[in-house]
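Enquirer: Quick one: the structure is below, questions incoming.
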Amino acid sequence: MAQNTTRVGLIGYGLIGSAVRDMIEKNPDNGMEVAFIHDQDASRLTDLGDLALEDLAGFDERGADLIVEMAHPAVTRAWGTKILQKTDYMFISVTALADRELEQAIDATSRKHGTRAYVPHGGVVGMDALLENRDVWESVDVVMKKAPKNVDCAAVGLDPNEIKEETVLYDGPTRGICPKFPRNVNTHASIAYAGIGFDRTHSLLIVNPAWTNAIVEIHAKGPGVELNVSRIESITGVTGASTPASIYNTVQMIGSTGPGIHLR
Ligand SMILES: NC(=O)c1ccc[n+]([C@@H]2O[C@H](COP(=O)([O-])OP(=O)(O)OC[C@H]3O[C@@H](n4cnc5c(N)ncnc54)[C@H](O)[C@@H]3O)[C@@H](O)[C@H]2O)c1
């Protein structure tokens with residue numbers, strides 16, 4: 001049987017974007033190829049030859065079947081609906097969804113144009129269980145613990161280097177934490193979106209300069225059922241060690257046309 005090729009456009013060529021490109025290209029059986037790579041930092045595109053797309057306005061000419069954002073929530077604000085008018089779009093900077101108007105615009109555009117928007121589970125362990133029981137949960141709590149140097153505090157005007165002891169940076173509904181720490185709390189946003197929503201999910205962000213790992217705990221409770229998940233992992237910049245492989249796995253779930261046995 002002839003195999004179709006899924007063309008994947010990549011936005012953001014940093015830690016995750018470059019790892020995802022490598023994983024797509026290392027596995028020729030998966031039926032995917034990179035259609036373009038865009039980054040706002042032009043110096044990251046210099047060695048990419050024809051794959052480089054300096055101006056994202058030209059995305060439609062590259063014929064991508066799926067475009068994957070791995071850059072910043074600002075990309076979805078500026079380009080999400082434009083992309084969805086033409087093709088499918090996966091965005092990993094999920095904090096963008098805390099903006100109700102943007103969420104509605106993404107949903108409406110995909111319905112009007114017959115395209116699909118995807119949110120990957122990314123750093124969330126157990127998103128399937130949160131989603132499948134979303135009508136059952138009475139409470140969902142997210143606890144995130146990191147060193148201050150791994151938290152981008154620019155939007156709240158804090159210098160992480162000045163934080164010398166254990167400090168609670170946020171304690172409240174998930175909708176409120178997303179604009180304050182847009183590059184750090186994508187797992188909170190995905191948990192909220194999969195489960196009981198941005199207003200009913202509770203987020204706690206604690207930092208301590210003595211911590212070297214990142215910890216995310218999820219505690220969901222409903223009648224007769226309780227879900228408790230904790231992952232402890234090393235972290236580089238704002239990204240936990242397991243995330244690049246997780247993002248590639250979701251790209252593959254959507255785009256791979258390769259043979260074999262596939263877990264869903
Ligand atoms: N969903 C998840 O579980 C999850 C987990 C970790 C990180 N993330 C998010 O993924 C994104 C990428 O993470 P990373 O560790 O690869 O970061 P990174 O800093 O290593 O790379 C980001 C790249 O995107 C580029 N960029 C930033 N803003 C841009 C814009 N507006 N337009 C085009 N390019 C832009 C930067 O120049 C950089 O090259 C971040 O937004 C991060 O918050 C999501």
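Within each chain, counting starts at residue 1; across the structure tokens, chains are named A, B, ... in the order shown, with ligands numbered 1 upward in that order.
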Give me, as an NGL selection string, all polymer residues having an atom no more than 12 Å from A:Asp107, counting only C-alpha atoms and skipping those fewer than 3 positions away in the same chain.
Expert: :A and (80-81 or 84-85 or 88-89 or 97 or 100-104 or 110-118)
Enquirer: Only C-alpha atoms, please: the residues just picked out, written as a PDB file, in the first residue's frame.
Expert:
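Listed below is the output, result.pdb:
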```
ATOM      1  CA  GLY A  80      -3.554  30.706  15.472  1.00  0.00           C
ATOM      2  CA  THR A  81      -6.690  31.639  13.536  1.00  0.00           C
ATOM      3  CA  LEU A  84      -6.482  27.330  11.106  1.00  0.00           C
ATOM      4  CA  GLN A  85      -8.081  28.988   8.077  1.00  0.00           C
ATOM      5  CA  ASP A  88      -4.299  21.926  11.167  1.00  0.00           C
ATOM      6  CA  TYR A  89      -2.502  23.497  14.124  1.00  0.00           C
ATOM      7  CA  LEU A  97      -6.088  29.041  26.051  1.00  0.00           C
ATOM      8  CA  ARG A 100     -11.449  33.087  26.647  1.00  0.00           C
ATOM      9  CA  GLU A 101     -11.749  35.174  23.468  1.00  0.00           C
ATOM     10  CA  LEU A 102      -8.767  33.435  21.901  1.00  0.00           C
ATOM     11  CA  GLU A 103     -10.095  30.007  22.860  1.00  0.00           C
ATOM     12  CA  GLN A 104     -13.455  30.846  21.240  1.00  0.00           C
ATOM     13  CA  SER A 110     -11.547  25.467  13.000  1.00  0.00           C
ATOM     14  CA  ARG A 111     -15.297  24.775  12.729  1.00  0.00           C
ATOM     15  CA  LYS A 112     -15.749  27.273   9.894  1.00  0.00           C
ATOM     16  CA  HIS A 113     -12.782  26.004   7.865  1.00  0.00           C
ATOM     17  CA  GLY A 114     -12.941  22.288   8.673  1.00  0.00           C
ATOM     18  CA  THR A 115      -9.454  22.233  10.209  1.00  0.00           C
ATOM     19  CA  ARG A 116      -8.376  20.842  13.602  1.00  0.00           C
ATOM     20  CA  ALA A 117      -6.596  22.415  16.584  1.00  0.00           C
ATOM     21  CA  TYR A 118      -4.639  20.110  18.897  1.00  0.00           C
TER      22      TYR A 118
END
```
Enquirer: As an MDAnalysis selection string, please: the residues near A:Pro244 (cut-off 10 Å, only C-alpha atoms, same-chain neighbours under 2 positions excluded).
Expert: chainID A and resid 15:20 23 70 122:123 239:242 246:249
Enquirer: Rounded to one decimal place, report the atom CA of A:Ile232-atom CA of A:Lys145 distance in Å.
Expert: 9.3 Å
Enquirer: For a test of reading the model, state the distance in Å between atom CA of A:Gly12 and atom CA of A:Glu54, rounded to one decimal.
Expert: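 Atom CA of A:Gly12 sits 11.4 Å away from atom CA of A:Glu54.
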Enquirer: Between A:Gly58, A:Gly197, A:Pro173, A:Gly237, which one has atoms that come closest to ligand 1, using only C-alpha atoms and all ligand atoms?
Expert: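 For ligand 1, the nearest of the candidates is A:Gly237.
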Enquirer: Write out as a PyMOL selection string the set of residues from stretch 130-236 of chain A that DSSP, computed on the backbone, places in strand (DSSP E or B).
Expert: chain A and resi 139-146+167-173+201-207+214-222+225-233+235-236
Enquirer: Which residues are near A:Asp199? Cut-off 9 Å, only C-alpha atoms, ignore same chain within fewer than 2 positions. Put them as a count of residues only.
Expert: 9
Enquirer: Neighbours of A:Lys149 within 9 Å (only C-alpha atoms; same-chain residues fewer than 4 positions away dropped), as a ChimeraX atom specification?
Expert: /A:160-161,207,209,237-238
Enquirer: Between A:Gly258, A:Pro223, A:Pro73, A:Gly31, which has the minimum distance to ligand 1 (counting only C-alpha atoms and all ligand atoms)?
Expert: A:Pro73
Enquirer: Looking at A:Gly255, A:Ala214, A:Trp137, A:Val124, which one is nearest to A:Thr5, with distances taken over only C-alpha atoms?
Expert: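 Using only C-alpha atoms, the shortest distance to A:Thr5 belongs to A:Gly255.
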Enquirer: Using only C-alpha atoms, which of the listed residues (A:Arg77, A:Leu227, A:Asp128, A:Gln3) sits closest to A:Arg264?
Expert: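 Going through A:Arg77, A:Leu227, A:Asp128, A:Gln3 one by one, the smallest distance to A:Arg264 is for A:Asp128.
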Enquirer: Nearest residue to ligand 1 out of A:Thr87, A:Asn184, A:Asn27, A:Thr167, using only C-alpha atoms and all ligand atoms?
Expert: A:Asn184
Enquirer: Quick one: everything within 7 Å of A:Leu53, counting only C-alpha atoms, minus sequence neighbours fewer than 5 positions away in the same chain. Send it as a compact mmCIF listing (two decimals) with all heavy atoms, in the first residue's frame.
Expert:
```txt
# COMPACT_ATOMS: atom_id res chain seq x y z
N PHE A 36 8.70 23.29 6.92
CA PHE A 36 9.44 24.52 7.15
C PHE A 36 9.78 24.64 8.63
O PHE A 36 9.20 23.95 9.46
CB PHE A 36 8.65 25.77 6.69
CG PHE A 36 7.42 26.07 7.51
CD1 PHE A 36 7.49 26.73 8.74
CD2 PHE A 36 6.16 25.71 7.05
CE1 PHE A 36 6.36 27.00 9.50
CE2 PHE A 36 5.02 25.99 7.80
CZ PHE A 36 5.13 26.62 9.02
N ILE A 37 10.74 25.53 8.91
CA ILE A 37 11.08 25.87 10.31
C ILE A 37 11.09 27.39 10.40
O ILE A 37 11.78 28.07 9.62
CB ILE A 37 12.45 25.29 10.73
CG1 ILE A 37 12.45 23.76 10.57
CG2 ILE A 37 12.79 25.70 12.15
CD1 ILE A 37 13.81 23.11 10.79
N HIS A 38 10.33 27.92 11.36
CA HIS A 38 10.32 29.37 11.58
C HIS A 38 10.73 29.67 13.02
O HIS A 38 10.35 28.94 13.94
CB HIS A 38 8.92 29.95 11.33
CG HIS A 38 8.80 31.36 11.81
ND1 HIS A 38 9.32 32.43 11.10
CD2 HIS A 38 8.27 31.89 12.94
CE1 HIS A 38 9.10 33.54 11.77
NE2 HIS A 38 8.47 33.25 12.89
```
Enquirer: For each of A:Leu56, A:Leu205, A:Met144, A:Ala71, take the minimum atom-to-atom distance to ligand 1, counting only C-alpha atoms and all ligand atoms, then give the residue where this is smallest.
Expert: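 Of A:Leu56, A:Leu205, A:Met144, A:Ala71, the one nearest ligand 1 is A:Ala71, counting only C-alpha atoms and all ligand atoms.
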Enquirer: Going by DSSP on the backbone, which bits of stretch 70-171 of chain A are helix (DSSP H, G or I)? Write them as a ChimeraX atom specification, please.
Expert: /A:73-84,94-98,100-113,127-132,148-150,154-156,160-162
Enquirer: Could you jot down the atom CA of A:Thr187 to atom 9 (C, counted along the ligand's line) of ligand 1 separation for me, Å, one decimal place?
Expert: 9.2 Å
